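*Asks:* Provided herewith is a single structure, encoded as structure tokens, for subsequent inquiry.
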Amino acid sequence: MMAYFVPFHNLKIQEAIVESFLMLQEYAREHVLFCLIPAFFIAGAIANFISQQAVIKYFGSQAKKWVSYTVASVSGAILAVCSCTVLPLFAGIYKRGAGIGPATAFLYSGPAINVLAIILTARILGWQMGLARAIGAVIFALVIGLLMAVIFRKEDKERLEGVMGKNTEGVAGRTGLQNLIYFMTLVLILIFAAWGKPQQATGFWVKIFNIKWIITITLLIIMVIILKSWFTKGELKDWIDSTWDFAAQILPLLFAGVLIAGFLMGRPGTDAGIIPPDWVTRFVGGNSILANFTASILGAFMYFATLTEVPILQGLLGLGMGKGPALALLLAGPALSLPNMLVIRSVMGTKKTLVFIGLVVAMATISGLIYGAIVV
């Protein structure tokens, strides 16, 4: 039916279709190998080598709130990941017994509280925008997590009771220090493999970028030594199986979402999507409720690779976008995307996903209004 009615002869439709596959190709080349694959391995490791008791101790419903929400809300300061790379990690702790509050706080903070992105925001868009983004992201993670825990308190209690009895024993044969070294090595591989090129040609971050592969390869060698020394063949097989399960669940939805996003809006910096770019700037000028809400919605559905949101926003500001809507897009965009939404729904269901998206959009809209009214 759809194939019958779509006007494929229209040049704009043809360009949008080609653009969707170009965006998928770009996504696969730049993010799957060096971002998502390490994240899948970490998720598989969480599922196999972190005892459920440990997850429940720090992220479960009975954990101390200040501990679980603090850890979840500042995780992005360590993990420089995008809204899609954080998904396997979120799925890993959620299925392992983390409460919905800390899990969604982690889901938001992972891509939102990115130290590199916040520094880049401050340098390019001004220190006020950088500071507002940093404060807003931390507050968002805390508030969203707490509200999700309150709204779904009963459902989450039933879910956690259903997983309490599964695999609660720790992994034998390794000490806590050995497990910590193993996980830290995995996380560092993810961080350095995904390290993006800074905008500036000099400075500390550029020096790190220039040696990122030396560091990554060194970490991989250390990982090989760890696996040969501390793990059995059976454990490694279980780890690979769990990693594959996460990839099989998440990757098809991500790719479908990237295709749709590419068709609708095109790659960042192009006008090849079906939605004209001038529509964006037309509806997000000034500091009205509609402008901030529109920016939040656009940010929620667009896909931003790590750090790309800053130059894109710089261009939009140059075209007349208001500062309030700019912050709204910054707070909603990096943490959400259409591919991200599809995967979140497969992990925690439609209702919880819609509430999570609604909270992000509402809070981003309010934050944009306040910021736009304060900063002239």
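We label chains A, B, ... in the order they appear in the structure tokens, count residues from 1 in each chain, and number ligands from 1 in the order shown.
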Set the distance at 8 Å and use only C-alpha atoms: which residues neighbour Ala103 in chain A once local chain neighbours fewer than 4 positions away are removed? I'd like the list as a VMD selection string.
*Replies:* chain A and resid 59 72 90 93 to 94 98 to 99 107 145
*Asks:* I need the residues of range 270-299 of chain A that end up classed as helix (DSSP H, G or I) by DSSP on the backbone, written out as JSON, numbers by chain.
*Replies:* {"A": [277, 278, 279, 280, 281, 282, 283, 289, 290, 291, 292, 293, 294, 295, 296, 297, 298, 299]}
*Asks:* Show me, as a PDB file with C-alpha atoms, in the first residue's frame, the residues that have an atom within 8 Å of Ala364 in chain A when counting only C-alpha atoms, minus same-chain residues fewer than 6 positions from it.
*Replies:*
```
ATOM      1  CA  ASN A 292      11.134  25.984  23.269  1.00  0.00           C
ATOM      2  CA  PHE A 293       8.721  23.062  22.932  1.00  0.00           C
ATOM      3  CA  SER A 296      12.780  20.069  22.574  1.00  0.00           C
ATOM      4  CA  LEU A 327      19.459  25.160  25.484  1.00  0.00           C
ATOM      5  CA  ALA A 328      16.219  23.151  25.230  1.00  0.00           C
ATOM      6  CA  LEU A 329      17.608  21.342  22.195  1.00  0.00           C
ATOM      7  CA  LEU A 331      19.231  19.184  26.974  1.00  0.00           C
ATOM      8  CA  ALA A 332      16.831  17.000  24.970  1.00  0.00           C
TER       9      ALA A 332
END
```
*Asks:* Would you mind telling me which residue in A:Ser367, A:Gln249, A:Ser109, A:Thr232 lies nearest to Ala295 in chain A when using only C-alpha atoms?
*Replies:* A:Ser367
*Asks:* Of the residues A:Phe204, A:Phe34, A:Phe263, A:Phe41, which is the one nearest to Ile240 in chain A, using only C-alpha atoms?
*Replies:*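 The answer is A:Phe41, which sits nearest to Ile240 in chain A.
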*Asks:* A:Leu24, A:Lys95, A:Phe8, A:Val150: which is nearest Arg267 in chain A, counting only C-alpha atoms?
*Replies:*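 Smallest separation from Arg267 in chain A among the options: A:Leu24.
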*Asks:* If you count only C-alpha atoms, which residues fall within 8 Å of Phe356 in chain A, apart from same-chain ones fewer than 3 positions away, as JSON, numbers by chain?
*Replies:* {"A": [104, 144, 148, 352, 353, 359, 360]}
*Asks:* Output all heavy atoms for every residue in that selection, as a compact mmCIF listing (two decimals), in the first residue's frame.
*Replies:*
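To be explicit, this is the file written out as result_39.txt:
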```txt
# COMPACT_ATOMS: atom_id res chain seq x y z
N THR A 104 17.03 4.94 34.70
CA THR A 104 16.71 6.02 33.76
C THR A 104 17.55 7.27 34.03
O THR A 104 17.82 8.04 33.10
CB THR A 104 15.21 6.37 33.83
OG1 THR A 104 14.81 6.57 35.20
CG2 THR A 104 14.37 5.26 33.21
N ILE A 144 14.39 13.28 36.70
CA ILE A 144 13.75 12.28 35.86
C ILE A 144 13.79 10.91 36.53
O ILE A 144 12.79 10.18 36.54
CB ILE A 144 14.42 12.24 34.47
CG1 ILE A 144 14.06 13.50 33.68
CG2 ILE A 144 14.00 10.98 33.69
CD1 ILE A 144 14.85 13.66 32.39
N MET A 148 10.41 8.94 37.66
CA MET A 148 10.13 7.62 37.09
C MET A 148 9.96 6.60 38.20
O MET A 148 9.08 5.71 38.12
CB MET A 148 11.28 7.20 36.16
CG MET A 148 11.35 7.98 34.86
SD MET A 148 10.02 7.63 33.69
CE MET A 148 10.44 5.97 33.15
N LYS A 352 6.37 3.27 29.89
CA LYS A 352 7.52 3.86 30.58
C LYS A 352 8.35 4.70 29.62
O LYS A 352 8.86 5.77 30.00
CB LYS A 352 8.39 2.76 31.20
CG LYS A 352 7.71 1.97 32.32
CD LYS A 352 8.67 0.96 32.91
CE LYS A 352 8.03 0.15 34.04
NZ LYS A 352 7.02 -0.79 33.52
N THR A 353 8.48 4.25 28.38
CA THR A 353 9.25 5.01 27.39
C THR A 353 8.59 6.34 27.10
O THR A 353 9.26 7.38 27.03
CB THR A 353 9.39 4.20 26.09
OG1 THR A 353 10.04 2.95 26.38
CG2 THR A 353 10.21 4.96 25.06
N LEU A 359 8.96 13.47 30.07
CA LEU A 359 9.67 14.19 31.13
C LEU A 359 10.85 14.97 30.56
O LEU A 359 11.08 16.12 30.93
CB LEU A 359 10.15 13.20 32.20
CG LEU A 359 9.06 12.60 33.09
CD1 LEU A 359 9.66 11.51 33.99
CD2 LEU A 359 8.41 13.68 33.96
N VAL A 360 11.61 14.33 29.66
CA VAL A 360 12.76 15.01 29.06
C VAL A 360 12.31 16.24 28.28
O VAL A 360 12.86 17.34 28.42
CB VAL A 360 13.55 14.05 28.14
CG1 VAL A 360 14.64 14.82 27.38
CG2 VAL A 360 14.19 12.94 28.95
```
*Asks:* Would you mind reading off the distance between CA of Gly368 in chain A and CA of Ile275 in chain A, one decimal, in Å?
*Replies:* 23.3 Å
*Asks:* Using only C-alpha atoms, can you tell me which of A:Gln314, A:Ser20, A:Ser337, A:Asn210 comes closest to Ser83 in chain A?
*Replies:*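 Smallest distance to Ser83 in chain A is found for A:Ser337.
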*Asks:* What's the separation between CA of Ala261 in chain A and CA of Ala134 in chain A, in Å to one decimal place?
*Replies:*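 Result for CA of Ala261 in chain A versus CA of Ala134 in chain A: 26.7 Å, one decimal.
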*Asks:* Which residue gives the smallest distance to Phe192 in chain A among A:Ile113, A:Cys35, A:Val258, A:Ile17, with only C-alpha atoms counted?
*Replies:*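 Closest to Phe192 in chain A of all the choices is A:Cys35.
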